[in-house]
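Colleague: Dropping the structure in here first, questions after.
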Amino acid sequence: MDMSEKGLIITAAPHLRDRVATPRIMQVVFIALMPAALCGVYFFGPWAAINLVVGVASAVLWEYAIQKIWKFDITISDGSAALTGLLVALTLPPAVEPWVTALACLIAIGPGKIVFGGLGYNIFNPALIGRTFAALSWPSVLSAGYVAADGITAWKRGFDVVASATPLGLLKTGEIGATSLSRFYGPLFFGNVGGSLGETSAIALLIGALFLLFAGIITLRIPLVYLLTTAGLAMLFNQDPIFHLLSGGLILGAFFMATDYVTSPIKPAGQIVYAVGLGIFTFMIRMFGSYPEGVAFSILLMNCFVPLIERFGAQKRFGEVRNRA
Amino acid sequence: MSAFKEFKKGLWAESPTFAMLIGMCPAMISSTAVSNAVGMGLAATFVLVFSNLFISALRNMIPDKIRIPCFIVVIATFVTIVDLSMAAYLPDLHRILGVFVPLIVVNCIILARAEAFAYKNGVVDSIADGLGMGLGFTLAVIILAIIREPIATGKILYAKDFGFEGIKLIPAKFAAALVDKPVGGFMTLGFVLASINGITSRSKKAKQASAACAAKEV
């Protein structure tokens, strides 16, 4: 993720040099995701723990294997593969069969990242490529992986699981109505509600996000504009904005994936355009799409637009004269 | 001899799918299964051979300014023959390929060969070119289908028209449905192209290296 090493910074000089390097950023993000991961393990039981381990381990293994076979430099020590694996596991259902997690990690690392030339060159967020491939390839296996989030009871059940619908799924099928959803606020905030492994507890994600903010890894611009756009649209369409903010992968996506250095715009104005686009796509897919959740799709869609967004408002080179011809 | 050369170039060196990257729509839709690939490939080859033959034979009568409509009329005749015969004898294949059979009319490969080759060359050469390009397309979609079909459905050589249930390779549960979609087709095409380029560049390098060695020894 460190762009200064790749010569990719496109702002004018002077540049500050810092000792922050890729492995350190990856470590901090990894630690920031731990509260959400632990919450997922607590609420969903042993399968969640297995999937997290499978995700991280398989992503590192795939990266090592692919780079070994094609005789590339082996980059597993920069920690990005482990982080990708963790994010894949966090965005998949908690009790999904572990082979899905492992194959999603293969897609994330191979076609998602190494095909483009490795970290820093990928157009799309690798973890979301893996997750989306799995979601579109094995939809029935994935929907069987959403289980009840009842903490201690889930652990007592062990490997037997109780299927459970996600709040957004219920919203899509029209089982809970669109307004006065305040009874969901508490569960969505603390985490005892069905959903993907890492998105269950809003408070755990926000603790991690605060940690990232204070560590200076991310800025508030993209997540805040993203969340506000989604909430604003929800109000416009007479939906419950707080329900939309807390449910699904919105907080996880906004703080941990939309802010990915490689696949988001560098310039502030571009970041705002990007975040507004994310909010619009997310809400439109939730509201009118055939899938209940649209965070993954909207981040991938906006990733496509990043090179285009970056072209607007490019800095003038010093001494450049407009319309010289 | 030159007719054989025109035939050979379409198979690999100037393969419409792997070298010129034209005619992607039919390639993506028909490479989901080997039987579809064979059906689509042979249908396109038939149209290609006969449209090349007729356009080449008529090339001195077709006015230059309206040549494209003339090509379309010739091509559409043969596409209609293929479409109706397929509907009659291979109904299931016809159902799967659906609108893509009539769409052969505007297939890039056929129009490109009519415009770039048949309109300028003799009848024998044009037939050879059409046959080579058609079989090159067939070969390419079969290669894509051999990769895509087992990943997308778990079995290979499924052909309902011939009562063939296919050979099971992996359990249906693991079959990745996305590979069946155009997205998966383009990903497969990308990997195949990368492999082809990798192999050809490696053999080229080896040739250059051995040539350099030979030059030194002399």
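To be explicit about the labels: the chains of the structure tokens are called A, B, and onward in the order shown, and within each one the residues are counted from 1, while ligands get numbers from 1 in the order they are shown.
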How close does each residue of chain B get to chain A, giving the shortest atom pair and distance in Å to one decimal for every residue with an atom at most 6 Å away, counting only C-alpha atoms, sorted by chain and residue number, as CSV?

Modeller:
```
residue,atom,partner,partner_atom,distance
B:Ala176,CA,A:Ser137,CA,4.4
B:Ala177,CA,A:Ser137,CA,4.2
B:Leu178,CA,A:Ser137,CA,4.7
```

Colleague: Would you pick out the contacts of segment 163-170 of chain B at 7 Å or less, using only C-alpha atoms, so that residues sharing its chain but fewer than 6 positions from it are not included, and give the list as a ChimeraX atom specification?

Modeller: /B:150,154-157

Colleague: Excluding Ala44 of chain B and residues on its chain fewer than 2 positions from it, collect all residues at most 8 Å away from it, counting only C-alpha atoms, and give them as a PyMOL selection string.

Modeller: chain B and resi 40-42+46-48+104+110+134

Colleague: Using all heavy atoms, can you write the selected residues to a file as an mmCIF file, in the first residue's frame?

Modeller:
```cif
data_model
loop_
_atom_site.group_PDB
_atom_site.id
_atom_site.type_symbol
_atom_site.label_atom_id
_atom_site.label_comp_id
_atom_site.auth_asym_id
_atom_site.auth_seq_id
_atom_site.Cartn_x
_atom_site.Cartn_y
_atom_site.Cartn_z
ATOM 1 N N MET B 40 -21.619 -24.089 -32.327
ATOM 2 C CA MET B 40 -21.452 -22.704 -32.761
ATOM 3 C C MET B 40 -20.302 -22.583 -33.752
ATOM 4 O O MET B 40 -20.412 -21.884 -34.768
ATOM 5 C CB MET B 40 -21.180 -21.827 -31.541
ATOM 6 C CG MET B 40 -21.168 -20.358 -31.843
ATOM 7 S SD MET B 40 -22.799 -19.862 -32.398
ATOM 8 C CE MET B 40 -22.689 -18.131 -32.256
ATOM 9 N N GLY B 41 -19.212 -23.290 -33.465
ATOM 10 C CA GLY B 41 -18.038 -23.211 -34.335
ATOM 11 C C GLY B 41 -18.363 -23.706 -35.731
ATOM 12 O O GLY B 41 -18.034 -23.055 -36.722
ATOM 13 N N LEU B 42 -19.060 -24.856 -35.811
ATOM 14 C CA LEU B 42 -19.365 -25.405 -37.137
ATOM 15 C C LEU B 42 -20.387 -24.534 -37.862
ATOM 16 O O LEU B 42 -20.292 -24.333 -39.075
ATOM 17 C CB LEU B 42 -19.857 -26.846 -37.006
ATOM 18 C CG LEU B 42 -18.778 -27.822 -36.501
ATOM 19 C CD1 LEU B 42 -19.312 -29.243 -36.471
ATOM 20 C CD2 LEU B 42 -17.518 -27.743 -37.365
ATOM 21 N N PHE B 46 -19.580 -22.887 -41.451
ATOM 22 C CA PHE B 46 -20.443 -23.074 -42.629
ATOM 23 C C PHE B 46 -20.783 -21.721 -43.264
ATOM 24 O O PHE B 46 -20.596 -21.511 -44.460
ATOM 25 C CB PHE B 46 -21.732 -23.809 -42.197
ATOM 26 C CG PHE B 46 -22.783 -23.874 -43.259
ATOM 27 C CD1 PHE B 46 -22.729 -24.838 -44.249
ATOM 28 C CD2 PHE B 46 -23.831 -22.955 -43.271
ATOM 29 C CE1 PHE B 46 -23.701 -24.892 -45.228
ATOM 30 C CE2 PHE B 46 -24.806 -23.010 -44.251
ATOM 31 C CZ PHE B 46 -24.736 -23.978 -45.233
ATOM 32 N N VAL B 47 -21.243 -20.776 -42.417
ATOM 33 C CA VAL B 47 -21.611 -19.462 -42.939
ATOM 34 C C VAL B 47 -20.400 -18.777 -43.550
ATOM 35 O O VAL B 47 -20.470 -18.183 -44.633
ATOM 36 C CB VAL B 47 -22.213 -18.596 -41.809
ATOM 37 C CG1 VAL B 47 -22.504 -17.196 -42.321
ATOM 38 C CG2 VAL B 47 -23.466 -19.227 -41.265
ATOM 39 N N LEU B 48 -19.262 -18.895 -42.872
ATOM 40 C CA LEU B 48 -18.044 -18.221 -43.311
ATOM 41 C C LEU B 48 -17.591 -18.733 -44.678
ATOM 42 O O LEU B 48 -17.264 -17.946 -45.572
ATOM 43 C CB LEU B 48 -16.965 -18.461 -42.249
ATOM 44 C CG LEU B 48 -15.736 -17.584 -42.167
ATOM 45 C CD1 LEU B 48 -16.094 -16.130 -42.314
ATOM 46 C CD2 LEU B 48 -15.070 -17.816 -40.823
ATOM 47 N N ILE B 104 -25.128 -14.343 -35.872
ATOM 48 C CA ILE B 104 -23.949 -14.625 -36.695
ATOM 49 C C ILE B 104 -23.914 -13.668 -37.888
ATOM 50 O O ILE B 104 -22.863 -13.353 -38.419
ATOM 51 C CB ILE B 104 -23.959 -16.105 -37.168
ATOM 52 C CG1 ILE B 104 -23.869 -17.058 -35.978
ATOM 53 C CG2 ILE B 104 -22.783 -16.390 -38.100
ATOM 54 C CD1 ILE B 104 -23.953 -18.526 -36.373
ATOM 55 N N ILE B 110 -17.028 -12.895 -39.614
ATOM 56 C CA ILE B 110 -17.536 -13.124 -40.961
ATOM 57 C C ILE B 110 -17.501 -11.844 -41.782
ATOM 58 O O ILE B 110 -17.045 -11.826 -42.923
ATOM 59 C CB ILE B 110 -18.954 -13.727 -40.867
ATOM 60 C CG1 ILE B 110 -18.830 -15.145 -40.294
ATOM 61 C CG2 ILE B 110 -19.615 -13.762 -42.222
ATOM 62 C CD1 ILE B 110 -20.083 -15.703 -39.723
ATOM 63 N N GLY B 134 -12.844 -20.244 -39.849
ATOM 64 C CA GLY B 134 -13.946 -20.905 -39.150
ATOM 65 C C GLY B 134 -13.450 -21.984 -38.214
ATOM 66 O O GLY B 134 -13.859 -22.073 -37.058
#
```

Colleague: What's the 7 Å shell around segment 297-302 of chain A, counting only C-alpha atoms, without same-chain residues fewer than 4 positions away, as a list in words?

Modeller: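 Near segment 297-302 of chain A, the qualifying residues are Phe124, Asn125, Ala258, Tyr274, Gly277, Leu278, Phe281, Thr282 and Val306 of chain A.
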
Colleague: Quick one: DSSP helix (DSSP H, G or I) residues in segment 91-208 of chain B, as a ChimeraX atom specification?

Modeller: /B:91-100,102-106,108-118,123-153,160-162,172-174,177-180,182-208

Colleague: What separation in Å, quoted to one decimal, exists between atom CA of Thr230 of chain A and atom CA of Phe283 of chain A?

Modeller: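 According to the coordinates, atom CA of Thr230 of chain A and atom CA of Phe283 of chain A are separated by 5.8 Å.
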
Colleague: Report as a PyMOL selection string all protein, DNA and RNA residues lying within 9 Å of segment 264-266 of chain A, evaluated on only C-alpha atoms, omitting residues in the same chain fewer than 5 positions from it.

Modeller: chain A and resi 9-11+222+258-259+271-272+274+302-303+306-307+309-310

Colleague: Since we have the selection now, will you write its residues out, keeping N, CA and C atoms, as a compact mmCIF listing (two decimals), in the first residue's frame?

Modeller:
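Final output, selection04.txt:
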```txt
# COMPACT_ATOMS: atom_id res chain seq x y z
N ILE A 9 3.05 8.68 -6.39
CA ILE A 9 2.44 9.93 -5.91
C ILE A 9 2.38 10.90 -7.07
N ILE A 10 1.21 11.49 -7.29
CA ILE A 10 1.12 12.38 -8.43
C ILE A 10 0.86 13.82 -8.00
N THR A 11 1.08 14.12 -6.73
CA THR A 11 0.99 15.52 -6.33
C THR A 11 2.35 16.17 -6.56
N ILE A 222 -13.51 9.76 3.19
CA ILE A 222 -14.28 8.77 2.41
C ILE A 222 -15.37 8.11 3.25
N ALA A 258 -13.28 0.85 1.54
CA ALA A 258 -13.36 2.00 0.65
C ALA A 258 -12.12 2.88 0.81
N THR A 259 -11.42 2.75 1.95
CA THR A 259 -10.27 3.60 2.22
C THR A 259 -8.96 2.97 1.77
N GLN A 271 -11.80 12.00 -3.76
CA GLN A 271 -12.29 11.10 -2.71
C GLN A 271 -13.75 11.36 -2.40
N ILE A 272 -14.15 12.63 -2.47
CA ILE A 272 -15.55 12.95 -2.17
C ILE A 272 -16.46 12.41 -3.28
N TYR A 274 -15.84 9.92 -5.19
CA TYR A 274 -15.80 8.46 -5.01
C TYR A 274 -16.75 8.01 -3.92
N MET A 302 -17.13 1.41 -8.00
CA MET A 302 -16.45 2.70 -7.91
C MET A 302 -14.95 2.55 -8.13
N ASN A 303 -14.40 1.37 -7.78
CA ASN A 303 -12.98 1.13 -8.08
C ASN A 303 -12.71 1.30 -9.57
N VAL A 306 -12.11 4.96 -10.44
CA VAL A 306 -11.04 5.74 -9.79
C VAL A 306 -10.07 6.37 -10.79
N PRO A 307 -9.58 5.63 -11.82
CA PRO A 307 -8.67 6.30 -12.76
C PRO A 307 -9.31 7.50 -13.44
N ILE A 309 -11.81 9.36 -12.15
CA ILE A 309 -11.96 10.43 -11.16
C ILE A 309 -10.64 11.16 -10.98
N GLU A 310 -9.53 10.38 -10.98
CA GLU A 310 -8.22 11.00 -10.74
C GLU A 310 -7.84 11.98 -11.84
```

Colleague: Just how far from atom CA of Leu142 of chain A is atom CA of Ala152 of chain B, in Å to one decimal?

Modeller: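 It comes out at 16.7 Å.
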